[in-house]
file my_file03.cif (mmCIF, C-alpha atoms)
data_entry
#
loop_
_atom_site.label_atom_id
_atom_site.label_comp_id
_atom_site.auth_asym_id
_atom_site.auth_seq_id
_atom_site.Cartn_x
_atom_site.Cartn_y
_atom_site.Cartn_z
CA MET A 738 38.94 4.09 -11.95
CA ALA A 739 39.78 0.99 -13.97
CA GLU A 740 40.04 1.09 -17.75
CA ALA A 741 38.57 -1.33 -20.28
CA ALA A 742 40.71 -3.16 -22.84
CA GLY A 743 40.08 -0.44 -25.42
CA GLY A 744 41.29 2.25 -23.06
CA ALA A 745 37.84 3.64 -22.22
CA PRO A 746 37.17 4.26 -18.50
CA GLN A 747 35.23 1.51 -16.74
CA LEU A 748 33.10 1.90 -13.62
CA PRO A 749 34.04 -0.21 -10.59
CA GLU A 750 31.84 -3.28 -10.28
CA ASP A 751 30.78 -2.41 -6.72
CA LEU A 752 29.52 0.97 -7.92
CA ILE A 753 27.53 -0.68 -10.72
CA ILE A 754 25.95 -3.23 -8.41
CA TRP A 755 25.21 -1.11 -5.34
CA GLU A 756 24.48 2.30 -6.88
CA ILE A 757 23.02 1.44 -10.29
CA LEU A 758 21.50 -2.04 -10.26
CA THR A 759 19.77 -1.47 -6.91
CA ARG A 760 17.85 1.42 -8.50
CA LEU A 761 16.59 -0.51 -11.53
CA PRO A 762 13.10 -2.05 -11.80
CA VAL A 763 12.81 -5.81 -11.39
CA LYS A 764 12.81 -6.83 -15.07
CA PRO A 765 16.15 -5.16 -16.00
CA VAL A 766 17.74 -6.62 -12.85
CA LEU A 767 16.60 -10.11 -13.83
CA ARG A 768 18.07 -9.64 -17.32
CA CYS A 769 21.40 -8.58 -15.80
CA ARG A 770 21.77 -12.02 -14.19
CA ALA A 771 22.94 -13.27 -17.60
CA VAL A 772 26.04 -11.00 -17.59
CA CYS A 773 28.25 -13.35 -15.58
CA ARG A 774 28.14 -16.00 -12.84
CA SER A 775 29.06 -13.60 -10.03
CA TRP A 776 26.24 -11.25 -11.02
CA ARG A 777 23.82 -14.16 -11.21
CA ARG A 778 24.72 -15.22 -7.66
CA CYS A 779 24.50 -11.67 -6.34
CA LEU A 780 21.24 -10.70 -8.08
CA THR A 781 19.56 -13.99 -7.23
CA SER A 782 20.60 -14.95 -3.71
CA ASP A 783 22.56 -12.11 -2.04
CA THR A 784 20.10 -11.04 0.67
CA LYS A 785 21.95 -7.79 1.28
CA PHE A 786 21.63 -6.81 -2.37
CA LEU A 787 17.98 -7.91 -2.62
CA ARG A 788 17.00 -5.87 0.44
CA ALA A 789 18.91 -2.83 -0.83
CA HIS A 790 17.15 -3.16 -4.19
CA HIS A 791 13.74 -3.39 -2.48
CA SER A 792 14.43 -0.30 -0.34
CA ARG A 793 15.05 1.80 -3.48
CA GLN A 794 11.92 0.76 -5.39
CA PRO A 795 9.02 3.24 -5.55
CA SER A 796 5.99 2.65 -3.35
CA LEU A 797 3.04 2.75 -5.76
CA PRO A 798 -0.72 2.71 -5.13
CA LEU A 799 -2.60 -0.31 -6.41
CA VAL A 800 -5.42 -0.11 -8.95
CA THR A 801 -8.03 -2.76 -9.72
CA THR A 802 -10.11 -2.84 -12.88
CA GLN A 803 -12.35 -5.09 -14.92
CA GLU A 804 -12.53 -4.74 -18.69
CA GLY A 805 -14.84 -7.26 -20.26
CA ARG A 806 -13.86 -10.67 -18.93
CA GLU A 807 -10.40 -9.55 -17.84
CA LYS A 808 -9.70 -8.48 -14.26
CA ARG A 809 -6.42 -6.80 -13.37
CA ILE A 810 -4.43 -5.48 -10.46
CA ASP A 811 -1.88 -2.81 -11.44
CA ALA A 812 0.48 -0.45 -9.65
CA MET A 813 -0.05 3.18 -10.72
CA ASP A 814 3.15 5.15 -11.37
CA HIS A 815 2.12 8.82 -11.60
CA ARG A 816 5.66 9.83 -12.60
CA THR A 817 5.53 7.93 -15.91
CA GLY A 818 1.77 7.68 -16.41
CA GLU A 819 1.87 3.89 -16.44
CA ARG A 820 -0.15 1.14 -14.81
CA ARG A 821 2.42 -1.57 -14.09
CA PRO A 822 0.95 -5.11 -14.11
CA VAL A 823 0.69 -7.05 -10.86
CA ALA A 824 -1.90 -9.79 -11.46
CA ARG A 825 -4.54 -10.77 -13.99
CA THR A 826 -7.42 -13.24 -14.28
CA THR A 827 -9.78 -14.07 -17.11
CA ALA A 828 -13.33 -15.32 -17.66
CA THR A 829 -13.04 -18.47 -15.56
CA THR A 830 -13.41 -16.57 -12.29
CA THR A 831 -16.38 -14.94 -10.61
CA ALA A 832 -16.99 -11.20 -10.63
CA ASP A 833 -15.59 -10.61 -7.11
CA ASP A 834 -12.78 -13.13 -7.34
CA LEU A 835 -9.67 -10.95 -7.66
CA ASP A 836 -8.76 -8.32 -5.10
CA VAL A 837 -6.02 -7.25 -2.69
CA LEU A 838 -6.62 -7.67 1.03
CA ALA A 839 -3.22 -6.64 2.44
CA SER A 840 0.23 -5.52 1.27
CA CYS A 841 3.66 -5.40 2.90
CA ASP A 842 7.29 -5.49 1.70
CA GLY A 843 6.45 -6.58 -1.84
CA LEU A 844 4.06 -9.30 -0.63
CA LEU A 845 0.31 -9.27 -1.29
CA VAL A 846 -2.54 -11.16 0.35
CA LEU A 847 -4.95 -11.81 -2.53
CA ILE A 848 -8.37 -13.28 -2.92
CA ALA A 849 -8.45 -15.23 -6.19
CA TYR A 850 -9.99 -18.43 -7.55
CA GLY A 851 -12.15 -18.84 -4.46
CA GLY A 852 -9.19 -18.84 -2.05
CA ILE A 853 -6.83 -16.54 -0.16
CA TYR A 854 -3.18 -16.50 -1.30
CA ILE A 855 0.15 -14.98 -0.36
CA TYR A 856 1.75 -13.66 -3.54
CA ASN A 857 5.01 -12.03 -4.64
CA PRO A 858 4.48 -10.46 -8.10
CA ALA A 859 8.22 -9.86 -8.62
CA THR A 860 9.28 -13.48 -8.10
CA ARG A 861 5.90 -14.84 -9.30
CA GLN A 862 5.54 -17.05 -6.24
CA LEU A 863 2.06 -17.88 -5.03
CA ALA A 864 0.83 -20.06 -2.17
CA LEU A 865 -2.62 -20.85 -0.80
CA LEU A 866 -3.44 -19.83 2.80
CA PRO A 867 -6.13 -22.39 3.70
CA LEU A 868 -6.28 -21.40 7.39
CA LEU A 869 -7.64 -17.97 6.40
CA ALA A 870 -10.54 -19.31 4.34
CA TYR A 871 -13.12 -18.88 7.10
CA VAL A 872 -12.00 -15.75 8.94
CA SER A 873 -14.28 -12.70 9.03
CA CYS A 874 -11.68 -10.28 7.66
CA ILE A 875 -7.96 -9.75 7.13
CA ALA A 876 -6.66 -6.92 9.33
CA GLY A 877 -3.12 -6.72 7.98
CA LEU A 878 0.16 -8.32 6.91
CA TYR A 879 3.31 -7.43 8.83
CA PRO A 880 6.89 -8.52 9.57
CA HIS A 881 7.43 -9.78 13.12
CA ARG A 882 10.93 -8.39 13.75
CA PRO A 883 11.92 -10.57 16.76
CA SER A 884 11.28 -13.84 14.88
CA GLY A 885 11.95 -12.70 11.29
CA SER A 886 8.61 -14.16 10.20
CA TYR A 887 5.75 -12.55 8.28
CA ARG A 888 2.35 -12.72 9.93
CA VAL A 889 -1.27 -12.10 9.00
CA LEU A 890 -3.60 -10.54 11.59
CA CYS A 891 -7.20 -11.64 11.07
CA CYS A 892 -10.52 -11.36 12.86
CA VAL A 893 -12.77 -14.30 13.74
CA LYS A 894 -16.29 -13.63 15.01
CA THR A 895 -17.13 -15.73 18.08
CA ASP A 896 -20.60 -15.30 19.60
CA ASP A 897 -20.86 -11.89 17.87
CA ARG A 898 -17.58 -10.76 19.38
CA ALA A 899 -14.36 -9.95 17.52
CA VAL A 900 -11.49 -12.24 18.46
CA TYR A 901 -8.21 -11.63 16.64
CA HIS A 902 -5.79 -14.34 15.55
CA VAL A 903 -2.31 -14.35 14.05
CA HIS A 904 -1.08 -16.69 11.32
CA ALA A 905 2.70 -16.84 10.93
CA LEU A 906 3.23 -17.71 7.27
CA GLY A 907 4.54 -21.24 6.95
CA SER A 908 3.61 -22.19 10.53
CA GLY A 909 0.41 -24.14 9.89
CA GLU A 910 -1.38 -22.61 12.89
CA LEU A 911 -3.79 -19.81 13.72
CA ARG A 912 -2.96 -18.39 17.15
CA CYS A 913 -5.39 -16.31 19.22
CA VAL A 914 -4.15 -12.90 20.48
CA GLY A 915 -7.41 -11.88 22.15
CA GLU A 916 -10.11 -9.24 21.87
CA PRO A 917 -9.52 -5.55 21.21
CA PRO A 918 -10.97 -2.96 23.61
CA GLU A 919 -14.53 -1.74 23.15
CA PRO A 920 -16.18 -0.68 20.88
CA TRP A 921 -14.06 -2.77 18.46
CA ALA A 922 -14.96 -6.05 20.22
CA SER A 923 -18.75 -6.08 19.90
CA GLY A 924 -21.90 -4.50 18.49
CA ASP A 925 -22.24 -2.60 15.22
CA VAL A 926 -18.49 -2.08 14.86
CA VAL A 927 -17.91 -5.84 14.63
CA THR A 928 -20.75 -6.19 12.12
CA MET A 929 -19.37 -3.41 9.91
CA MET A 930 -15.67 -4.22 10.36
CA PRO A 931 -15.20 -6.31 7.16
CA MET A 932 -16.61 -3.46 5.05
CA MET A 933 -14.67 -0.79 6.97
CA GLU A 934 -11.41 -2.69 6.57
CA PHE A 935 -12.07 -3.16 2.86
CA LEU A 936 -12.73 0.58 2.34
CA ASN A 937 -10.03 1.80 4.77
CA PRO A 938 -7.27 -0.82 5.17
CA HIS A 939 -5.23 -0.54 8.33
CA VAL A 940 -1.90 1.25 7.99
CA LEU A 941 1.39 -0.34 9.07
CA ALA A 942 3.85 2.25 10.39
CA GLY A 943 6.68 1.98 12.90
CA GLY A 944 5.88 -1.64 13.72
CA ARG A 945 2.22 -0.94 14.49
CA LEU A 946 -1.07 -1.39 12.65
CA TYR A 947 -3.40 1.61 12.89
CA TRP A 948 -7.16 1.44 12.41
CA HIS A 949 -8.97 4.34 10.70
CA PRO A 950 -10.58 6.69 13.28
CA LEU A 951 -14.20 5.95 14.14
CA LYS A 952 -17.00 8.49 14.51
CA LEU A 953 -18.15 7.72 18.06
CA PRO A 954 -20.87 9.43 20.14
CA VAL A 955 -19.45 11.79 22.77
CA LYS A 956 -21.21 12.73 26.01
CA GLY A 957 -20.52 16.28 27.10
CA GLY A 958 -17.67 18.21 25.49
CA GLY A 959 -14.87 15.67 25.86
CA LYS A 960 -13.21 13.27 23.45
CA VAL A 961 -13.17 9.48 23.36
CA ASN A 962 -10.59 6.98 22.19
CA ASN A 963 -11.54 6.46 18.55
CA MET A 964 -8.41 4.83 17.05
CA LEU A 965 -7.29 1.24 17.56
CA VAL A 966 -3.59 0.30 17.40
CA PHE A 967 -2.02 -3.18 17.24
CA ASP A 968 1.62 -3.49 18.33
CA THR A 969 3.16 -6.11 16.00
CA VAL A 970 6.00 -6.95 18.41
CA ALA A 971 4.02 -7.32 21.64
CA GLU A 972 0.94 -8.41 19.62
CA SER A 973 -1.36 -6.41 21.83
CA PHE A 974 -3.99 -3.69 21.33
CA ARG A 975 -4.21 -0.07 22.49
CA HIS A 976 -6.85 2.59 21.82
CA VAL A 977 -6.05 6.28 21.42
CA ILE A 978 -7.58 9.60 20.35
CA SER A 979 -7.11 10.85 16.79
CA PRO A 980 -5.45 14.30 16.62
CA VAL A 981 -8.32 15.79 14.56
CA ASP A 982 -12.05 15.17 14.11
CA GLY A 983 -12.22 15.89 10.40
CA ALA A 984 -14.90 14.50 8.11
CA CYS A 985 -12.30 13.03 5.73
CA ILE A 986 -9.14 11.55 7.25
CA GLU A 987 -6.51 9.42 5.50
CA LEU A 988 -3.70 7.64 7.36
CA PHE A 989 -0.41 6.65 5.72
CA GLU A 990 3.15 5.56 6.46
CA THR A 991 5.72 8.27 5.80
CA THR A 992 9.08 7.70 4.11
CA ASP A 993 10.85 7.47 7.49
CA GLY A 994 8.35 4.89 8.79
CA THR A 995 6.25 7.11 11.06
CA LEU A 996 2.48 7.61 10.89
CA GLY A 997 1.11 10.48 8.84
CA LEU A 998 -2.44 11.80 8.54
CA TYR A 999 -4.17 14.00 5.99
CA ASP A 1000 -7.31 15.82 7.12
CA TYR A 1001 -9.13 17.34 4.14
CA ASN A 1002 -12.50 19.04 3.78
CA GLY A 1003 -12.59 19.83 0.06
CA ALA A 1004 -10.96 23.26 0.23
CA THR A 1005 -7.85 22.42 2.27
CA ALA A 1006 -5.70 19.43 3.21
CA ASP A 1007 -3.76 19.47 6.50
CA LEU A 1008 -0.76 17.17 6.93
CA TRP A 1009 -0.16 15.84 10.46
CA VAL A 1010 2.75 13.60 11.54
CA LEU A 1011 3.01 11.50 14.72
CA GLN A 1012 6.17 12.66 16.51
CA ASP A 1013 6.04 10.59 19.72
CA TYR A 1014 3.98 7.40 19.89
CA GLU A 1015 4.35 6.79 23.64
CA ARG A 1016 3.16 10.30 24.54
CA TRP A 1017 0.89 10.45 21.44
CA VAL A 1018 2.26 13.80 20.28
CA TRP A 1019 1.31 15.03 16.78
CA SER A 1020 2.66 17.93 14.71
CA LEU A 1021 0.87 19.90 11.99
CA LYS A 1022 3.39 20.18 9.16
CA HIS A 1023 1.53 22.29 6.60
CA ARG A 1024 -1.79 23.06 4.92
CA ILE A 1025 -2.45 22.84 1.18
CA LYS A 1026 -5.25 25.04 -0.18
CA LEU A 1027 -6.79 23.05 -3.02
CA GLN A 1028 -8.11 24.70 -6.17
CA MET A 1029 -10.41 21.78 -6.97
CA MET A 1030 -12.88 19.74 -4.92
CA PRO A 1031 -11.44 16.20 -4.62
CA PHE A 1032 -13.76 13.35 -3.73
CA PHE A 1033 -10.84 10.97 -3.09
CA LEU A 1034 -7.41 11.72 -1.61
CA LEU A 1035 -4.61 9.18 -1.33
CA PRO A 1036 -1.46 10.22 0.57
CA ASP A 1037 1.95 9.36 -0.83
CA THR A 1038 4.77 8.19 1.45
CA ASN A 1039 6.64 11.52 1.21
CA GLY A 1040 3.58 13.58 2.15
CA ASP A 1041 2.46 14.23 -1.43
CA MET A 1042 -1.14 13.57 -2.50
CA ILE A 1043 -2.86 11.74 -5.31
CA VAL A 1044 -6.36 13.11 -5.75
CA LEU A 1045 -9.38 12.28 -7.87
CA SER A 1046 -11.72 15.05 -8.94
CA GLN A 1047 -14.71 15.35 -11.22
CA LYS A 1048 -13.79 16.11 -14.80
CA GLY A 1049 -16.22 18.99 -15.17
CA GLU A 1050 -19.83 20.08 -15.08
CA ASN A 1051 -22.35 17.71 -16.66
CA THR A 1052 -19.71 14.98 -17.11
CA GLY A 1053 -20.96 12.79 -14.26
CA ILE A 1054 -18.73 10.83 -11.90
CA ARG A 1055 -17.78 8.24 -14.54
CA TRP A 1056 -15.12 10.49 -16.06
CA GLN A 1057 -12.56 11.89 -13.65
CA TYR A 1058 -9.15 13.49 -13.34
CA LEU A 1059 -6.25 12.00 -11.38
CA GLN A 1060 -3.39 14.26 -10.41
CA HIS A 1061 -0.37 14.30 -8.14
CA ILE A 1062 0.08 17.27 -5.78
CA SER A 1063 3.34 17.98 -3.97
CA GLY A 1064 3.02 18.13 -0.19
CA MET A 1065 5.93 20.58 0.00
CA ASP A 1066 4.88 23.38 -2.32
CA GLY A 1067 1.52 22.31 -3.74
CA SER A 1068 2.84 21.97 -7.29
CA SER A 1069 0.91 19.72 -9.69
CA PRO A 1070 2.89 19.26 -12.93
CA ARG A 1071 0.51 16.89 -14.74
CA ARG A 1072 -2.99 15.48 -14.74
CA TYR A 1073 -4.38 12.22 -16.14
CA GLU A 1074 -7.64 11.13 -17.66
CA TRP A 1075 -9.37 8.65 -15.32
CA ASN A 1076 -12.66 6.79 -15.10
CA VAL A 1077 -14.73 5.13 -12.42
CA PHE A 1078 -13.87 1.61 -13.64
CA LEU A 1079 -10.29 2.16 -12.45
CA LYS A 1080 -10.55 1.65 -8.69
CA LEU A 1081 -7.69 3.26 -6.81
CA LYS A 1082 -6.92 1.20 -3.70
CA LYS A 1083 -5.66 2.48 -0.34
CA LEU A 1084 -2.90 -0.12 -0.46
CA ARG A 1085 0.60 0.33 -1.86
CA PHE A 1086 3.03 -2.03 -3.55
CA LYS A 1087 6.83 -1.96 -3.57
CA GLN A 1088 8.58 -4.62 -5.66
CA SER A 1089 10.85 -7.11 -3.89
CA LEU A 1090 13.04 -9.96 -5.15
CA VAL A 1091 13.69 -11.20 -1.60
CA ARG A 1092 12.97 -14.93 -1.38
CA HIS A 1093 10.84 -16.32 1.46
CA PRO A 1094 10.80 -19.95 2.62
CA PHE A 1095 7.11 -19.89 3.52
CA PHE A 1096 6.09 -20.19 -0.13
CA SER A 1097 7.31 -23.81 -0.26
CA MET A 1098 6.09 -24.43 3.30
CA GLU A 1099 2.54 -23.22 2.58
CA ASP A 1100 2.26 -25.10 -0.71
CA ASP A 1101 3.45 -28.45 -2.02
CA ASN A 1102 4.67 -27.15 -5.38
CA ASP A 1103 7.33 -24.68 -4.24
CA GLY A 1104 5.02 -21.68 -4.50
CA ALA A 1105 4.40 -22.02 -8.25
CA VAL A 1106 0.74 -22.34 -9.23
CA ASP A 1107 0.92 -22.89 -12.98
CA GLU A 1108 -2.72 -23.89 -13.36
CA LYS A 1109 -3.80 -20.50 -12.03
CA PRO A 1110 -2.47 -18.00 -14.61
CA LEU A 1111 -2.23 -14.81 -12.54
CA PHE A 1112 0.94 -14.07 -14.54
CA GLU A 1113 -0.27 -14.71 -18.09
CA GLY A 1114 -0.91 -11.80 -20.42
CA LEU A 1115 0.54 -9.17 -18.09
CA SER A 1116 1.33 -5.89 -19.85
CA THR A 1117 1.95 -2.27 -18.94
CA VAL A 1118 -0.94 0.09 -19.66
CA THR A 1119 -0.38 3.78 -20.42
CA VAL A 1120 -2.68 6.28 -18.72
CA ASP A 1121 -3.69 9.20 -20.95
CA PHE A 1122 -2.46 12.69 -20.07
CA ASP A 1123 -4.90 15.56 -20.00
CA ASP A 1124 -3.50 17.55 -22.94
CA ASN A 1125 -5.40 20.70 -21.93
CA TYR A 1126 -3.99 20.81 -18.42
CA GLU A 1127 -1.63 23.65 -17.45
CA ALA A 1128 0.80 22.91 -14.64
CA ARG A 1129 -0.02 24.90 -11.52
CA THR A 1130 0.82 25.28 -7.86
CA GLU A 1131 -1.70 24.98 -5.03
CA GLU A 1132 -1.14 27.35 -2.10
CA SER A 1133 0.95 25.78 0.65
CA VAL A 1134 0.79 27.25 4.17
CA LEU A 1135 3.18 26.44 7.04
CA PRO A 1136 1.88 26.05 10.62
CA SER A 1137 3.47 29.36 11.68
CA GLN A 1138 1.42 31.15 9.01
CA LEU A 1139 -1.91 29.64 10.12
CA GLN A 1140 -1.99 31.99 13.11
CA GLU A 1141 -1.62 35.10 10.97
#

call {"tool": "encode", "arguments": {"input": "my_file03.cif", "output": "structure tokens"}}
result
Amino acid sequence: MAEAAGGAPQLPEDLIIWEILTRLPVKPVLRCRAVCRSWRRCLTSDTKFLRAHHSRQPSLPLVTTQEGREKRIDAMDHRTGERRPVARTTATTTADDLDVLASCDGLLVLIAYGGIYIYNPATRQLALLPLLAYVSCIAGLYPHRPSGSYRVLCCVKTDDRAVYHVHALGSGELRCVGEPPEPWASGDVVTMMPMMEFLNPHVLAGGRLYWHPLKLPVKGGGKVNNMLVFDTVAESFRHVISPVDGACIELFETTDGTLGLYDYNGATADLWVLQDYERWVWSLKHRIKLQMMPFFLLPDTNGDMIVLSQKGENTGIRWQYLQHISGMDGSSPRRYEWNVFLKLKKLRFKQSLVRHPFFSMEDDNDGAVDEKPLFEGLSTVTVDFDDNYEARTEESVLPSQLQE
């Protein structure tokens, strides 16, 4: 270990950069660019560093809210009890004019100011996506690994049929990839798809986009294919059978990139993980017996849960509790005060300083939209702890114990 001029031990620069700076939030990293020229080059343009930094950032659920004339999108960090700012608009916009349609690798597809934008909150780059202005719905944002591009999958209704198209960001074209299998191509499913995708966004895991399972009529005692999958490499569809037929099912991407599923019925929550996509093999990992009745469950990437529950009798649904429950042992160390005006989204955000050329290609002003102040007035908001809450542990049961 090297020593400083005063004789005190000094950490190697590589250790500082790759083991410390990669773990810091975006703002401290940006401040560190002023230390020296080599740090400025590394923290600004070294792709290896920027990707390593992104991989170590927490994946946080998004929250939308409107307070008076202000509309906000925040990222909820349950560990610190903070809502970290992502975007903000003021009175000049309409009531439904700020929302998140898709999220991937630190990039957001937003609706704002009457248009659809691609947006990186960390670098504050924003570009209009005019080709998506007239599509029926946005199905997802994903990286296309063979080409290195980022693409938006969207649905266009043609003669009451769903035809999907792909827009490679920066390409200037909307390319047709065809119809999905029935029942996703016609009928009531097509009519309801924009609302279903808004309430249950598709989940990107292992290079595939997964649709939320449908409740389909079954003749006899068999099962039907009720899940749609889009392969982002082949850009083709497949339909499969969900592993369970629960009333409340939530899909999510696990930490290792596979597909996870929580099936909960109010009293218990079962965690399933997809082990083999080609053979469609699932494994039940564990069951959490819940001590409260949640009306909303949001899986975390490591199998934990964020749940919303009613605050108490005669309090109504306006006032709620939000708490984090460990998927390993059911522990719940803290609980927060919540209210119905804070809308927890089923989309997650993970900060990224990686630069993308499509911002300047999509827009004429290098991705900066100064006249649209999504960045002005951003501030962190603290979420109140429930001071009367006592930390507890829900009962966790392993699959081997379910037979006993």

call {"tool": "residues_around", "arguments": {"input": "my_file03.cif", "residues": "Pro880 in chain A", "least_positions_apart": "6", "cutoff": "10 Å", "atoms": "only C-alpha atoms", "output": "tab-separated table (two decimals) with C-alpha atoms, in the frame of the given file"}}
result
chain	number	residue	atom	x	y	z
A	841	CYS	CA	3.66	-5.40	2.90
A	842	ASP	CA	7.29	-5.49	1.70
A	886	SER	CA	8.61	-14.16	10.20
A	887	TYR	CA	5.75	-12.55	8.28
A	888	ARG	CA	2.35	-12.72	9.93
A	889	VAL	CA	-1.27	-12.10	9.00
A	905	ALA	CA	2.70	-16.84	10.93
A	941	LEU	CA	1.39	-0.34	9.07
A	944	GLY	CA	5.88	-1.64	13.72
A	969	THR	CA	3.16	-6.11	16.00
A	970	VAL	CA	6.00	-6.95	18.41

call {"tool": "resolve_selection", "arguments": {"input": "my_file03.cif", "expression": "the PyMOL selection byres ((chain A and resi 1035) around 12)", "output": "VMD selection string"}}
result
chain A and resid 797 to 799 937 985 to 990 997 to 1001 1006 1031 to 1034 1036 to 1046 1059 to 1062 1064 1081 to 1085

call {"tool": "residues_around", "arguments": {"input": "my_file03.cif", "residues": "Cys913 in chain A", "least_positions_apart": "3", "cutoff": "10 Å", "atoms": "all atoms listed in the file", "output": "ChimeraX atom specification"}}
result
/A:890-893,900-904,910,916

call {"tool": "write_last_selection", "arguments": {"input": "my_file03.cif", "atoms": "C-alpha atoms", "output": "compact mmCIF listing (two decimals), in the coordinates of the input"}}
result
# COMPACT_ATOMS: atom_id res chain seq x y z
CA LEU A 890 -3.60 -10.54 11.59
CA CYS A 891 -7.20 -11.64 11.07
CA CYS A 892 -10.52 -11.36 12.86
CA VAL A 893 -12.77 -14.30 13.74
CA VAL A 900 -11.49 -12.24 18.46
CA TYR A 901 -8.21 -11.63 16.64
CA HIS A 902 -5.79 -14.34 15.55
CA VAL A 903 -2.31 -14.35 14.05
CA HIS A 904 -1.08 -16.69 11.32
CA GLU A 910 -1.38 -22.61 12.89
CA GLU A 916 -10.11 -9.24 21.87

call {"tool": "residues_around", "arguments": {"input": "my_file03.cif", "residues": "range 856-859 of chain A", "least_positions_apart": "2", "cutoff": "10 Å", "atoms": "only C-alpha atoms", "output": "ChimeraX atom specification"}}
result
/A:762-764,767,822-824,840,842-847,853-854,861-865,1086-1093,1096,1104-1105,1111-1112

call {"tool": "atom_distance", "arguments": {"input": "my_file03.cif", "atom1": "CA of Tyr850 in chain A", "atom2": "CA of Lys808 in chain A"}}
result
12.0 Å

call {"tool": "residues_around", "arguments": {"input": "my_file03.cif", "residues": "Thr1117 in chain A", "least_positions_apart": "6", "cutoff": "12 Å", "atoms": "all atoms listed in the file", "output": "ChimeraX atom specification"}}
result
/A:809-814,817-825

call {"tool": "atom_distance", "arguments": {"input": "my_file03.cif", "atom1": "CA of Leu835 in chain A", "atom2": "CA of Leu787 in chain A"}}
result
28.3 Å

call {"tool": "atom_distance", "arguments": {"input": "my_file03.cif", "atom1": "CA of Phe1095 in chain A", "atom2": "CA of Leu866 in chain A"}}
result
10.6 Å

call {"tool": "closest_residue", "arguments": {"input": "my_file03.cif", "among": "A:Val914, A:Leu906, A:Val1118, A:Pro931", "to": "Val872 in chain A", "atoms": "only C-alpha atoms"}}
result
A:Pro931

call {"tool": "closest_residue", "arguments": {"input": "my_file03.cif", "among": "A:Trp755, A:Phe935, A:Trp921, A:Phe1078", "to": "Cys874 in chain A", "atoms": "only C-alpha atoms"}}
result
A:Phe935

call {"tool": "residues_around", "arguments": {"input": "my_file03.cif", "residues": "Thr995 in chain A", "least_positions_apart": "3", "cutoff": "9 Å", "atoms": "all atoms listed in the file", "output": "JSON, numbers by chain"}}
result
{"A": [942, 943, 989, 990, 991, 992, 1010, 1011, 1012]}

call {"tool": "write_last_selection", "arguments": {"input": "my_file03.cif", "atoms": "C-alpha atoms", "output": "PDB file, in the frame of the given file"}}
result
ATOM      1  CA  ALA A 942       3.850   2.250  10.390  1.00  0.00           C
ATOM      2  CA  GLY A 943       6.680   1.980  12.900  1.00  0.00           C
ATOM      3  CA  PHE A 989      -0.410   6.650   5.720  1.00  0.00           C
ATOM      4  CA  GLU A 990       3.150   5.560   6.460  1.00  0.00           C
ATOM      5  CA  THR A 991       5.720   8.270   5.800  1.00  0.00           C
ATOM      6  CA  THR A 992       9.080   7.700   4.110  1.00  0.00           C
ATOM      7  CA  VAL A1010       2.750  13.600  11.540  1.00  0.00           C
ATOM      8  CA  LEU A1011       3.010  11.500  14.720  1.00  0.00           C
ATOM      9  CA  GLN A1012       6.170  12.660  16.510  1.00  0.00           C
TER      10      GLN A1012
END

call {"tool": "resolve_selection", "arguments": {"input": "my_file03.cif", "expression": "the PyMOL selection byres ((chain A and resi 794) around 7)", "output": "CSV table (one decimal) with C-alpha atoms, in the coordinates of the input"}}
result
chain,number,residue,atom,x,y,z
A,760,ARG,CA,17.8,1.4,-8.5
A,790,HIS,CA,17.2,-3.2,-4.2
A,791,HIS,CA,13.7,-3.4,-2.5
A,792,SER,CA,14.4,-0.3,-0.3
A,793,ARG,CA,15.0,1.8,-3.5
A,795,PRO,CA,9.0,3.2,-5.6
A,796,SER,CA,6.0,2.6,-3.4
A,1087,LYS,CA,6.8,-2.0,-3.6
A,1088,GLN,CA,8.6,-4.6,-5.7

call {"tool": "resolve_selection", "arguments": {"input": "my_file03.cif", "expression": "the PyMOL selection byres ((chain A and resi 967) around 10)", "output": "ChimeraX atom specification"}}
result
/A:876-877,890,917,939,941,944-948,965-966,968-976

call {"tool": "closest_residue", "arguments": {"input": "my_file03.cif", "among": "A:Val927, A:Ala870, A:Leu953, A:Met964", "to": "Thr895 in chain A", "atoms": "all atoms listed in the file"}}
result
A:Val927
